[in-house]
file start-v5.pdb (PDB, C-alpha atoms)
ATOM      1  CA  MET A  15      -6.759 -22.866  21.440
ATOM      2  CA  ASP A  16      -3.391 -21.162  21.659
ATOM      3  CA  VAL A  17      -4.749 -17.960  20.097
ATOM      4  CA  THR A  18      -8.315 -16.763  19.662
ATOM      5  CA  VAL A  19      -9.078 -13.659  17.635
ATOM      6  CA  VAL A  20     -12.207 -11.570  18.078
ATOM      7  CA  GLY A  21     -12.110  -9.342  15.046
ATOM      8  CA  SER A  22     -12.708  -8.579  11.441
ATOM      9  CA  ILE A  23     -12.997 -10.511   8.211
ATOM     10  CA  VAL A  24     -12.472  -8.473   5.030
ATOM     11  CA  GLN A  25     -12.099  -9.322   1.362
ATOM     12  CA  ASP A  26      -9.164  -7.361  -0.097
ATOM     13  CA  LEU A  27      -9.445  -5.830  -3.571
ATOM     14  CA  ILE A  28      -5.869  -4.805  -4.353
ATOM     15  CA  SER A  29      -4.706  -2.589  -7.229
ATOM     16  CA  TYR A  30      -0.992  -2.115  -7.920
ATOM     17  CA  VAL A  31      -0.179   1.348  -9.275
ATOM     18  CA  PRO A  32       2.952   3.380 -10.094
ATOM     19  CA  ARG A  33       1.900   5.931  -7.478
ATOM     20  CA  HIS A  34      -1.222   6.821  -5.519
ATOM     21  CA  PRO A  35      -3.695   8.946  -7.501
ATOM     22  CA  LYS A  36      -4.411  12.542  -6.550
ATOM     23  CA  PRO A  37      -8.009  13.596  -5.787
ATOM     24  CA  GLY A  38     -10.016  13.486  -9.002
ATOM     25  CA  GLU A  39      -7.263  11.726 -10.942
ATOM     26  CA  THR A  40      -7.522   8.406 -12.793
ATOM     27  CA  ILE A  41      -4.348   6.390 -13.301
ATOM     28  CA  THR A  42      -3.678   2.992 -14.869
ATOM     29  CA  GLY A  43      -2.607   0.134 -12.632
ATOM     30  CA  SER A  44      -0.355  -2.776 -13.481
ATOM     31  CA  LYS A  45      -2.088  -5.622 -11.620
ATOM     32  CA  PHE A  46      -5.254  -6.449  -9.653
ATOM     33  CA  ILE A  47      -5.780  -9.276  -7.192
ATOM     34  CA  ILE A  48      -8.517 -10.363  -4.804
ATOM     35  CA  GLY A  49      -7.223 -11.638  -1.494
ATOM     36  CA  CYS A  50      -8.246 -12.387   2.058
ATOM     37  CA  GLY A  51      -7.740  -9.682   4.671
ATOM     38  CA  GLY A  52      -9.213  -7.933   7.676
ATOM     39  CA  LYS A  53      -7.007  -7.176  10.659
ATOM     40  CA  GLY A  54      -8.532  -9.886  12.815
ATOM     41  CA  ALA A  55      -8.383 -12.638  10.230
ATOM     42  CA  ASN A  56      -4.868 -11.620   9.169
ATOM     43  CA  GLN A  57      -3.584 -11.937  12.726
ATOM     44  CA  CYS A  58      -5.356 -15.266  13.137
ATOM     45  CA  ILE A  59      -3.839 -16.664   9.931
ATOM     46  CA  MET A  60      -0.337 -15.432  10.842
ATOM     47  CA  ALA A  61      -0.422 -17.065  14.286
ATOM     48  CA  GLY A  62      -1.730 -20.268  12.737
ATOM     49  CA  ARG A  63       0.934 -20.435  10.043
ATOM     50  CA  LEU A  64       3.604 -20.232  12.735
ATOM     51  CA  GLY A  65       2.161 -23.267  14.501
ATOM     52  CA  ALA A  66      -0.465 -22.022  16.950
ATOM     53  CA  THR A  67      -3.903 -23.610  17.183
ATOM     54  CA  VAL A  68      -6.221 -20.723  16.328
ATOM     55  CA  ALA A  69      -9.899 -19.809  16.414
ATOM     56  CA  MET A  70     -11.790 -16.908  14.875
ATOM     57  CA  VAL A  71     -14.815 -15.111  16.344
ATOM     58  CA  SER A  72     -16.386 -12.891  13.695
ATOM     59  CA  LYS A  73     -19.232 -12.439  11.216
ATOM     60  CA  VAL A  74     -19.621 -12.498   7.431
ATOM     61  CA  GLY A  75     -22.466 -11.869   5.001
ATOM     62  CA  VAL A  76     -24.419 -14.267   2.807
ATOM     63  CA  ASP A  77     -22.294 -13.651  -0.279
ATOM     64  CA  THR A  78     -19.394 -14.910  -2.346
ATOM     65  CA  PHE A  79     -16.806 -13.077  -0.253
ATOM     66  CA  GLY A  80     -18.055 -14.827   2.891
ATOM     67  CA  GLN A  81     -18.011 -18.220   1.176
ATOM     68  CA  ASN A  82     -14.472 -17.590  -0.062
ATOM     69  CA  TYR A  83     -13.361 -16.861   3.466
ATOM     70  CA  PHE A  84     -14.672 -20.124   4.870
ATOM     71  CA  VAL A  85     -12.567 -21.940   2.263
ATOM     72  CA  ASN A  86      -9.556 -19.814   3.225
ATOM     73  CA  PHE A  87      -9.977 -20.607   6.924
ATOM     74  CA  LYS A  88     -10.261 -24.320   6.193
ATOM     75  CA  GLU A  89      -7.031 -24.223   4.163
ATOM     76  CA  ASN A  90      -5.278 -22.502   7.084
ATOM     77  CA  ASN A  91      -6.641 -24.827   9.813
ATOM     78  CA  VAL A  92      -8.649 -22.121  11.586
ATOM     79  CA  ASN A  93     -11.453 -23.097  13.975
ATOM     80  CA  ILE A  94     -14.577 -21.355  12.608
ATOM     81  CA  ASP A  95     -17.192 -22.667  15.050
ATOM     82  CA  PHE A  96     -17.928 -19.064  16.063
ATOM     83  CA  VAL A  97     -17.828 -17.287  12.711
ATOM     84  CA  GLY A  98     -21.435 -16.251  12.181
ATOM     85  CA  VAL A  99     -23.319 -15.514   8.959
ATOM     86  CA  THR A 100     -25.800 -12.623   8.667
ATOM     87  CA  GLU A 101     -28.301 -11.601   5.997
ATOM     88  CA  HIS A 102     -28.301  -7.992   7.215
ATOM     89  CA  ALA A 103     -24.952  -6.857   5.828
ATOM     90  CA  ALA A 104     -22.339  -7.828   3.275
ATOM     91  CA  THR A 105     -18.964  -9.322   4.160
ATOM     92  CA  GLY A 106     -16.424  -6.587   4.879
ATOM     93  CA  ALA A 107     -14.429  -5.326   1.905
ATOM     94  CA  ALA A 108     -11.315  -3.205   1.449
ATOM     95  CA  ALA A 109     -10.198  -1.240  -1.611
ATOM     96  CA  ILE A 110      -6.386  -1.132  -1.502
ATOM     97  CA  THR A 111      -3.856   0.589  -3.734
ATOM     98  CA  VAL A 112      -0.181  -0.338  -3.555
ATOM     99  CA  SER A 113       2.429   1.946  -5.124
ATOM    100  CA  ASP A 114       5.709   0.918  -6.750
ATOM    101  CA  ALA A 115       7.393   2.067  -3.532
ATOM    102  CA  GLY A 116       5.447  -0.594  -1.612
ATOM    103  CA  GLU A 117       3.296   1.893   0.311
ATOM    104  CA  ASN A 118      -0.457   1.368   0.522
ATOM    105  CA  THR A 119      -3.698   3.256   0.991
ATOM    106  CA  ILE A 120      -6.762   1.399   2.244
ATOM    107  CA  VAL A 121     -10.495   2.120   2.415
ATOM    108  CA  VAL A 122     -12.383  -0.443   4.517
ATOM    109  CA  VAL A 123     -16.150  -0.986   4.520
ATOM    110  CA  PRO A 124     -16.704  -3.096   7.668
ATOM    111  CA  GLY A 125     -20.112  -4.491   6.688
ATOM    112  CA  ALA A 126     -21.010  -7.623   8.679
ATOM    113  CA  ASN A 127     -18.109  -7.055  11.072
ATOM    114  CA  MET A 128     -20.045  -4.274  12.805
ATOM    115  CA  LEU A 129     -22.900  -6.697  13.568
ATOM    116  CA  LEU A 130     -20.772  -8.795  15.914
ATOM    117  CA  THR A 131     -22.474  -8.470  19.322
ATOM    118  CA  GLU A 132     -21.946  -9.234  22.988
ATOM    119  CA  ASN A 133     -24.222 -12.248  22.539
ATOM    120  CA  ASP A 134     -21.859 -13.581  19.877
ATOM    121  CA  ILE A 135     -19.004 -13.244  22.373
ATOM    122  CA  ARG A 136     -21.047 -15.070  25.027
ATOM    123  CA  ASP A 137     -21.677 -17.882  22.558
ATOM    124  CA  ALA A 138     -17.910 -18.124  22.007
ATOM    125  CA  LEU A 139     -17.142 -18.359  25.734
ATOM    126  CA  PRO A 140     -16.127 -22.059  25.520
ATOM    127  CA  VAL A 141     -13.231 -21.195  23.210
ATOM    128  CA  ILE A 142     -12.327 -17.823  24.762
ATOM    129  CA  LYS A 143     -11.956 -19.044  28.330
ATOM    130  CA  GLY A 144      -9.766 -21.927  27.202
ATOM    131  CA  THR A 145      -7.394 -19.896  25.032
ATOM    132  CA  LYS A 146      -3.914 -18.699  25.989
ATOM    133  CA  VAL A 147      -3.931 -15.377  24.144
ATOM    134  CA  LEU A 148      -6.849 -13.305  22.855
ATOM    135  CA  THR A 149      -6.332 -10.555  20.278
ATOM    136  CA  CYS A 150      -8.769  -7.769  19.366
ATOM    137  CA  GLN A 151      -8.741  -4.765  17.022
ATOM    138  CA  LEU A 152     -11.102  -1.867  16.257
ATOM    139  CA  GLU A 153     -12.723  -3.208  13.066
ATOM    140  CA  VAL A 154     -15.745  -4.676  14.868
ATOM    141  CA  SER A 155     -18.231  -2.946  17.161
ATOM    142  CA  PRO A 156     -16.632  -1.311  20.237
ATOM    143  CA  GLU A 157     -19.162  -3.053  22.483
ATOM    144  CA  ALA A 158     -18.094  -6.478  21.234
ATOM    145  CA  THR A 159     -14.406  -5.631  21.618
ATOM    146  CA  ILE A 160     -14.785  -4.342  25.182
ATOM    147  CA  PHE A 161     -16.926  -7.315  26.187
ATOM    148  CA  ALA A 162     -14.401  -9.747  24.689
ATOM    149  CA  LEU A 163     -11.524  -8.122  26.596
ATOM    150  CA  LYS A 164     -13.521  -8.147  29.854
ATOM    151  CA  THR A 165     -14.474 -11.789  29.344
ATOM    152  CA  ALA A 166     -10.861 -12.777  28.707
ATOM    153  CA  LYS A 167      -9.691 -10.845  31.768
ATOM    154  CA  GLU A 168     -12.254 -12.625  33.963
ATOM    155  CA  HIS A 169     -10.828 -15.980  32.864
ATOM    156  CA  GLY A 170      -7.152 -15.069  33.187
ATOM    157  CA  VAL A 171      -6.508 -14.970  29.439
ATOM    158  CA  GLN A 172      -3.653 -12.766  28.223
ATOM    159  CA  THR A 173      -4.888 -10.084  25.807
ATOM    160  CA  ILE A 174      -3.518  -7.940  22.993
ATOM    161  CA  LEU A 175      -5.477  -4.955  21.688
ATOM    162  CA  ASN A 176      -4.265  -3.760  18.317
ATOM    163  CA  ALA A 177      -6.067  -0.407  18.473
ATOM    164  CA  ALA A 178      -6.457  -0.080  14.716
ATOM    165  CA  PRO A 179      -7.794   1.496  12.688
ATOM    166  CA  ALA A 180      -7.608   4.562  14.902
ATOM    167  CA  PRO A 181     -10.819   6.553  15.426
ATOM    168  CA  PRO A 182     -11.001  10.228  14.389
ATOM    169  CA  SER A 183     -10.213  11.149  17.994
ATOM    170  CA  ALA A 184      -9.296   9.351  21.218
ATOM    171  CA  LYS A 185     -12.570  10.722  22.601
ATOM    172  CA  ASP A 186     -14.393   8.393  20.225
ATOM    173  CA  VAL A 187     -13.353   5.247  22.109
ATOM    174  CA  SER A 188     -13.984   4.051  25.649
ATOM    175  CA  GLU A 189     -11.126   4.645  28.077
ATOM    176  CA  ASP A 190     -11.694   1.060  29.244
ATOM    177  CA  LEU A 191      -9.824  -0.112  26.173
ATOM    178  CA  PHE A 192      -6.550   1.206  27.567
ATOM    179  CA  SER A 193      -6.685  -0.688  30.851
ATOM    180  CA  LEU A 194      -8.563  -3.853  29.852
ATOM    181  CA  CYS A 195      -5.782  -5.235  27.650
ATOM    182  CA  ASP A 196      -2.416  -6.562  28.748
ATOM    183  CA  ILE A 197      -0.672  -5.224  25.629
ATOM    184  CA  PHE A 198      -1.806  -2.091  23.781
ATOM    185  CA  CYS A 199      -0.326  -2.066  20.266
ATOM    186  CA  VAL A 200      -0.503   0.782  17.718
ATOM    187  CA  ASN A 201       1.543   2.193  14.854
ATOM    188  CA  GLU A 202       2.856   5.749  14.824
ATOM    189  CA  GLN A 203      -0.182   7.315  13.113
ATOM    190  CA  GLU A 204      -2.611   5.575  15.446
ATOM    191  CA  CYS A 205      -0.492   6.523  18.428
ATOM    192  CA  GLU A 206      -0.698  10.200  17.483
ATOM    193  CA  VAL A 207      -4.501   9.983  17.609
ATOM    194  CA  PHE A 208      -4.558   8.354  21.038
ATOM    195  CA  THR A 209      -1.923  10.621  22.611
ATOM    196  CA  ASP A 210      -2.274  13.874  20.642
ATOM    197  CA  LEU A 211       1.522  13.833  20.439
ATOM    198  CA  PRO A 212       3.839  13.724  17.395
ATOM    199  CA  VAL A 213       5.407  10.315  16.821
ATOM    200  CA  GLY A 214       7.885  11.066  14.065
ATOM    201  CA  THR A 215      11.023   9.841  15.823
ATOM    202  CA  VAL A 216      12.046   7.089  18.208
ATOM    203  CA  GLU A 217      12.389   9.589  21.047
ATOM    204  CA  GLU A 218       8.904  10.957  20.384
ATOM    205  CA  ALA A 219       7.558   7.393  20.397
ATOM    206  CA  LYS A 220       9.169   6.803  23.791
ATOM    207  CA  ALA A 221       7.407   9.895  25.144
ATOM    208  CA  ALA A 222       4.127   8.625  23.715
ATOM    209  CA  VAL A 223       4.573   5.326  25.576
ATOM    210  CA  LEU A 224       4.734   7.243  28.865
ATOM    211  CA  CYS A 225       1.605   9.167  27.894
ATOM    212  CA  LEU A 226      -0.265   5.906  27.261
ATOM    213  CA  PHE A 227       0.819   4.637  30.692
ATOM    214  CA  ASN A 228      -0.990   7.652  32.162
ATOM    215  CA  LYS A 229      -4.130   6.635  30.269
ATOM    216  CA  GLY A 230      -4.084   3.237  31.986
ATOM    217  CA  CYS A 231      -2.161   1.027  29.559
ATOM    218  CA  ASN A 232      -0.158  -1.808  31.100
ATOM    219  CA  THR A 233       2.314  -2.673  28.318
ATOM    220  CA  VAL A 234       2.581  -0.480  25.223
ATOM    221  CA  VAL A 235       4.021  -1.464  21.842
ATOM    222  CA  ILE A 236       4.401   1.147  19.091
ATOM    223  CA  THR A 237       5.373  -0.147  15.661
ATOM    224  CA  LEU A 238       7.417   2.284  13.563
ATOM    225  CA  GLY A 239       7.725   0.474  10.237
ATOM    226  CA  GLU A 240      11.304   0.415   8.990
ATOM    227  CA  ARG A 241      12.452   2.044  12.252
ATOM    228  CA  GLY A 242      11.366  -0.954  14.311
ATOM    229  CA  VAL A 243       9.448  -0.976  17.588
ATOM    230  CA  VAL A 244       9.344   1.023  20.806
ATOM    231  CA  TYR A 245       7.854  -0.680  23.842
ATOM    232  CA  GLY A 246       7.614  -0.497  27.614
ATOM    233  CA  SER A 247       5.631  -1.610  30.666
ATOM    234  CA  ARG A 248       4.002   0.655  33.209
ATOM    235  CA  GLN A 249       5.285  -1.553  36.019
ATOM    236  CA  HIS A 250       8.949  -0.961  35.176
ATOM    237  CA  LYS A 251       8.723   2.424  33.385
ATOM    238  CA  ASP A 252      11.532   1.162  31.157
ATOM    239  CA  VAL A 253      10.995   2.116  27.504
ATOM    240  CA  LYS A 254      13.178   0.421  24.877
ATOM    241  CA  HIS A 255      13.733   0.512  21.118
ATOM    242  CA  ILE A 256      14.175  -2.494  18.827
ATOM    243  CA  GLU A 257      15.658  -1.766  15.409
ATOM    244  CA  ALA A 258      14.057  -3.338  12.346
ATOM    245  CA  GLU A 259      15.877  -5.442   9.798
ATOM    246  CA  LYS A 260      16.583  -3.466   6.603
ATOM    247  CA  VAL A 261      14.720  -4.932   3.620
ATOM    248  CA  VAL A 262      13.392  -3.767   0.263
ATOM    249  CA  ALA A 263       9.614  -3.457   0.664
ATOM    250  CA  VAL A 264       7.423  -4.682  -2.178
ATOM    251  CA  ASP A 265       4.028  -4.434  -0.445
ATOM    252  CA  THR A 266       3.523  -3.303   3.161
ATOM    253  CA  THR A 267      -0.158  -4.298   3.264
ATOM    254  CA  GLY A 268      -0.835  -6.443   6.343
ATOM    255  CA  ALA A 269       2.654  -6.081   7.825
ATOM    256  CA  GLY A 270       1.276  -4.755  11.103
ATOM    257  CA  ASP A 271      -1.060  -7.735  11.344
ATOM    258  CA  ALA A 272       1.822 -10.109  10.628
ATOM    259  CA  PHE A 273       3.605  -8.501  13.574
ATOM    260  CA  VAL A 274       0.626  -8.795  15.963
ATOM    261  CA  GLY A 275      -0.199 -12.352  14.895
ATOM    262  CA  SER A 276       3.433 -13.360  15.397
ATOM    263  CA  LEU A 277       3.511 -11.722  18.828
ATOM    264  CA  ALA A 278       0.354 -13.634  19.833
ATOM    265  CA  TYR A 279       2.027 -16.848  18.675
ATOM    266  CA  PHE A 280       5.189 -16.281  20.724
ATOM    267  CA  LEU A 281       3.238 -15.292  23.851
ATOM    268  CA  ALA A 282       1.072 -18.409  23.585
ATOM    269  CA  LYS A 283       3.607 -20.998  22.461
ATOM    270  CA  HIS A 284       6.863 -19.695  23.915
ATOM    271  CA  PRO A 285       6.128 -17.948  27.232
ATOM    272  CA  GLU A 286       9.671 -18.803  28.309
ATOM    273  CA  ILE A 287      11.191 -16.113  26.061
ATOM    274  CA  SER A 288      11.259 -12.444  27.048
ATOM    275  CA  LEU A 289       8.895  -9.863  25.584
ATOM    276  CA  HIS A 290      11.942  -8.217  24.006
ATOM    277  CA  ASP A 291      12.812 -11.408  22.132
ATOM    278  CA  ALA A 292       9.195 -12.006  21.125
ATOM    279  CA  LEU A 293       8.961  -8.487  19.692
ATOM    280  CA  THR A 294      12.300  -8.835  17.900
ATOM    281  CA  LYS A 295      11.224 -12.072  16.227
ATOM    282  CA  SER A 296       7.832 -10.579  15.347
ATOM    283  CA  CYS A 297       9.595  -7.644  13.682
ATOM    284  CA  ARG A 298      11.641 -10.022  11.566
ATOM    285  CA  ILE A 299       8.552 -11.943  10.450
ATOM    286  CA  ALA A 300       6.779  -8.695   9.542
ATOM    287  CA  ALA A 301       9.857  -7.710   7.518
ATOM    288  CA  ILE A 302       9.600 -10.981   5.607
ATOM    289  CA  SER A 303       5.947 -10.259   4.784
ATOM    290  CA  VAL A 304       6.652  -6.897   3.125
ATOM    291  CA  GLN A 305       8.968  -8.541   0.604
ATOM    292  CA  ALA A 306       6.069 -10.219  -1.255
ATOM    293  CA  ASN A 307       2.803  -9.018  -2.793
ATOM    294  CA  GLY A 308      -0.551  -9.444  -1.092
ATOM    295  CA  THR A 309      -1.678  -9.633   2.511
ATOM    296  CA  GLN A 310      -2.060 -13.165   3.867
ATOM    297  CA  SER A 311      -0.398 -14.514   0.743
ATOM    298  CA  SER A 312       2.837 -12.830   1.894
ATOM    299  CA  TYR A 313       2.816 -14.468   5.348
ATOM    300  CA  PRO A 314       5.464 -17.172   5.844
ATOM    301  CA  TRP A 315       4.744 -20.653   7.190
ATOM    302  CA  LYS A 316       6.635 -22.190  10.083
ATOM    303  CA  LYS A 317       8.579 -24.471   7.749
ATOM    304  CA  ASP A 318       9.898 -21.426   5.858
ATOM    305  CA  ILE A 319      11.509 -19.771   8.894
ATOM    306  CA  PRO A 320      12.837 -22.514  11.218
ATOM    307  CA  ASP A 321      15.487 -20.140  12.623
ATOM    308  CA  LEU A 322      12.740 -17.867  14.000
ATOM    309  CA  VAL A 323      10.096 -20.347  15.155
TER     310      VAL A 323
END
call {"tool": "encode", "arguments": {"input": "start-v5.pdb", "output": "structure tokens"}}
result
Amino acid sequence: MDVTVVGSIVQDLISYVPRHPKPGETITGSKFIIGCGGKGANQCIMAGRLGATVAMVSKVGVDTFGQNYFVNFKENNVNIDFVGVTEHAATGAAAITVSDAGENTIVVVPGANMLLTENDIRDALPVIKGTKVLTCQLEVSPEATIFALKTAKEHGVQTILNAAPAPPSAKDVSEDLFSLCDIFCVNEQECEVFTDLPVGTVEEAKAAVLCLFNKGCNTVVITLGERGVVYGSRQHKDVKHIEAEKVVAVDTTGAGDAFVGSLAYFLAKHPEISLHDALTKSCRIAAISVQANGTQSSYPWKKDIPDLV
């Protein structure tokens, strides 16, 4: 495989509304769709659509949502040899509202994702040790994530940890997560949790990168939405900013996953380009995704963006 993802599978239940409701308020939406999501699966699909050979390591329940996802993976040419099925929990689900401004709120119930174990990772060793890039997130059990990162490191596999969703506090995650991955990627809200610093501006994001170096991170990437990306490596202590392309956002759901999946693709398939160029191209692909409704349904295919891929 070019990219293997150890992560979550979630069925998205998306409501489009004029604005987000206040506590206790009921409002009328304009549209409802059921789509495929989950940070892990999103990143896997994005890398695959760009041309990477991809595999998913995850778990679903014995239900319609799980069955739907197997069809989705087949349509997107994803290797599912190590997607398990459990009777002890339902497939993960997310209730999403998207406002007319394109902003979203999301409530995720992980379900079967939290039953992914170290033994499942051991079973997937044949695909993990032969992959070029492994990506993980925080929507499966911490034990499985840490074991996957350690396993990849032992076999010389490059790793990306998209540390999302953020826990209530940085104290709620193992410090090993910072040092086990090659690239630690968060958005501004997640970064504030891990650093206890404000990340409201580009300069504040640059300071947060330095803070994450002190926690053991090797390369840090902070996504800032319409303000682009700030990144740096502990080896060079050189923190840079990449501006984002200005677009009119229709639906930002899954944009961060489009970015991470694209980055995994470029690292695996085009190691000859610089990290700066890989991040710039990933930003542009994420910007394309926010201009259409849905999560994976908004992700472009390689044939649609020949100038980027």
call {"tool": "atom_distance", "arguments": {"input": "start-v5.pdb", "atom1": "CA of Ala178 (chain A)", "atom2": "CA of Glu204 (chain A)"}}
result
6.9 Å
call {"tool": "closest_residue", "arguments": {"input": "start-v5.pdb", "among": "A:Gly144, A:Gly65, A:Gly106, A:Pro35", "to": "Cys50 (chain A)", "atoms": "all atoms listed in the file"}}
result
A:Gly106
call {"tool": "atom_distance", "arguments": {"input": "start-v5.pdb", "atom1": "CA of Thr267 (chain A)", "atom2": "CA of Ala138 (chain A)"}}
result
29.3 Å
call {"tool": "resolve_selection", "arguments": {"input": "start-v5.pdb", "expression": "the PyMOL selection byres ((chain A and resi 276) around 9)", "output": "PyMOL selection string"}}
result
chain A and resi 57+60-61+64+271-275+277-281+292-293+295-297+299-300
call {"tool": "atom_distance", "arguments": {"input": "start-v5.pdb", "atom1": "CA of Leu129 (chain A)", "atom2": "CA of Gly98 (chain A)"}}
result
9.8 Å
call {"tool": "build_atoms", "arguments": {"input": "start-v5.pdb", "residues": "region 33-49 of chain A", "atoms": "N, CA and C atoms", "output": "PDB file, in the frame of the given file"}}
result
ATOM      1  N   ARG A  33       1.979   5.019  -8.627  1.00  0.00           N
ATOM      2  CA  ARG A  33       1.900   5.931  -7.478  1.00  0.00           C
ATOM      3  C   ARG A  33       0.433   6.072  -7.100  1.00  0.00           C
ATOM      4  N   HIS A  34       0.162   6.640  -5.941  1.00  0.00           N
ATOM      5  CA  HIS A  34      -1.222   6.821  -5.519  1.00  0.00           C
ATOM      6  C   HIS A  34      -1.841   8.001  -6.267  1.00  0.00           C
ATOM      7  N   PRO A  35      -3.065   7.852  -6.742  1.00  0.00           N
ATOM      8  CA  PRO A  35      -3.695   8.946  -7.501  1.00  0.00           C
ATOM      9  C   PRO A  35      -4.009  10.154  -6.614  1.00  0.00           C
ATOM     10  N   LYS A  36      -3.993  11.319  -7.230  1.00  0.00           N
ATOM     11  CA  LYS A  36      -4.411  12.542  -6.550  1.00  0.00           C
ATOM     12  C   LYS A  36      -5.933  12.628  -6.595  1.00  0.00           C
ATOM     13  N   PRO A  37      -6.548  13.456  -5.750  1.00  0.00           N
ATOM     14  CA  PRO A  37      -8.009  13.596  -5.787  1.00  0.00           C
ATOM     15  C   PRO A  37      -8.498  13.973  -7.185  1.00  0.00           C
ATOM     16  N   GLY A  38      -9.459  13.222  -7.696  1.00  0.00           N
ATOM     17  CA  GLY A  38     -10.016  13.486  -9.002  1.00  0.00           C
ATOM     18  C   GLY A  38      -9.239  12.904 -10.164  1.00  0.00           C
ATOM     19  N   GLU A  39      -8.120  12.253  -9.882  1.00  0.00           N
ATOM     20  CA  GLU A  39      -7.263  11.726 -10.942  1.00  0.00           C
ATOM     21  C   GLU A  39      -7.520  10.239 -11.166  1.00  0.00           C
ATOM     22  N   THR A  40      -7.457   9.819 -12.433  1.00  0.00           N
ATOM     23  CA  THR A  40      -7.522   8.406 -12.793  1.00  0.00           C
ATOM     24  C   THR A  40      -6.167   7.976 -13.329  1.00  0.00           C
ATOM     25  N   ILE A  41      -5.615   6.913 -12.795  1.00  0.00           N
ATOM     26  CA  ILE A  41      -4.348   6.390 -13.301  1.00  0.00           C
ATOM     27  C   ILE A  41      -4.520   4.916 -13.646  1.00  0.00           C
ATOM     28  N   THR A  42      -3.611   4.386 -14.429  1.00  0.00           N
ATOM     29  CA  THR A  42      -3.678   2.992 -14.869  1.00  0.00           C
ATOM     30  C   THR A  42      -2.793   2.123 -13.992  1.00  0.00           C
ATOM     31  N   GLY A  43      -3.364   1.061 -13.470  1.00  0.00           N
ATOM     32  CA  GLY A  43      -2.607   0.134 -12.632  1.00  0.00           C
ATOM     33  C   GLY A  43      -1.964  -0.965 -13.456  1.00  0.00           C
ATOM     34  N   SER A  44      -1.084  -1.702 -12.802  1.00  0.00           N
ATOM     35  CA  SER A  44      -0.355  -2.776 -13.481  1.00  0.00           C
ATOM     36  C   SER A  44      -0.899  -4.163 -13.168  1.00  0.00           C
ATOM     37  N   LYS A  45      -1.620  -4.293 -12.033  1.00  0.00           N
ATOM     38  CA  LYS A  45      -2.088  -5.622 -11.620  1.00  0.00           C
ATOM     39  C   LYS A  45      -3.232  -5.461 -10.624  1.00  0.00           C
ATOM     40  N   PHE A  46      -4.141  -6.439 -10.604  1.00  0.00           N
ATOM     41  CA  PHE A  46      -5.254  -6.449  -9.653  1.00  0.00           C
ATOM     42  C   PHE A  46      -5.415  -7.858  -9.104  1.00  0.00           C
ATOM     43  N   ILE A  47      -5.537  -7.967  -7.794  1.00  0.00           N
ATOM     44  CA  ILE A  47      -5.780  -9.276  -7.192  1.00  0.00           C
ATOM     45  C   ILE A  47      -6.854  -9.164  -6.117  1.00  0.00           C
ATOM     46  N   ILE A  48      -7.549 -10.253  -5.900  1.00  0.00           N
ATOM     47  CA  ILE A  48      -8.517 -10.363  -4.804  1.00  0.00           C
ATOM     48  C   ILE A  48      -7.920 -11.299  -3.768  1.00  0.00           C
ATOM     49  N   GLY A  49      -7.828 -10.830  -2.546  1.00  0.00           N
ATOM     50  CA  GLY A  49      -7.223 -11.638  -1.494  1.00  0.00           C
ATOM     51  C   GLY A  49      -8.020 -11.579  -0.211  1.00  0.00           C
TER      52      GLY A  49
END
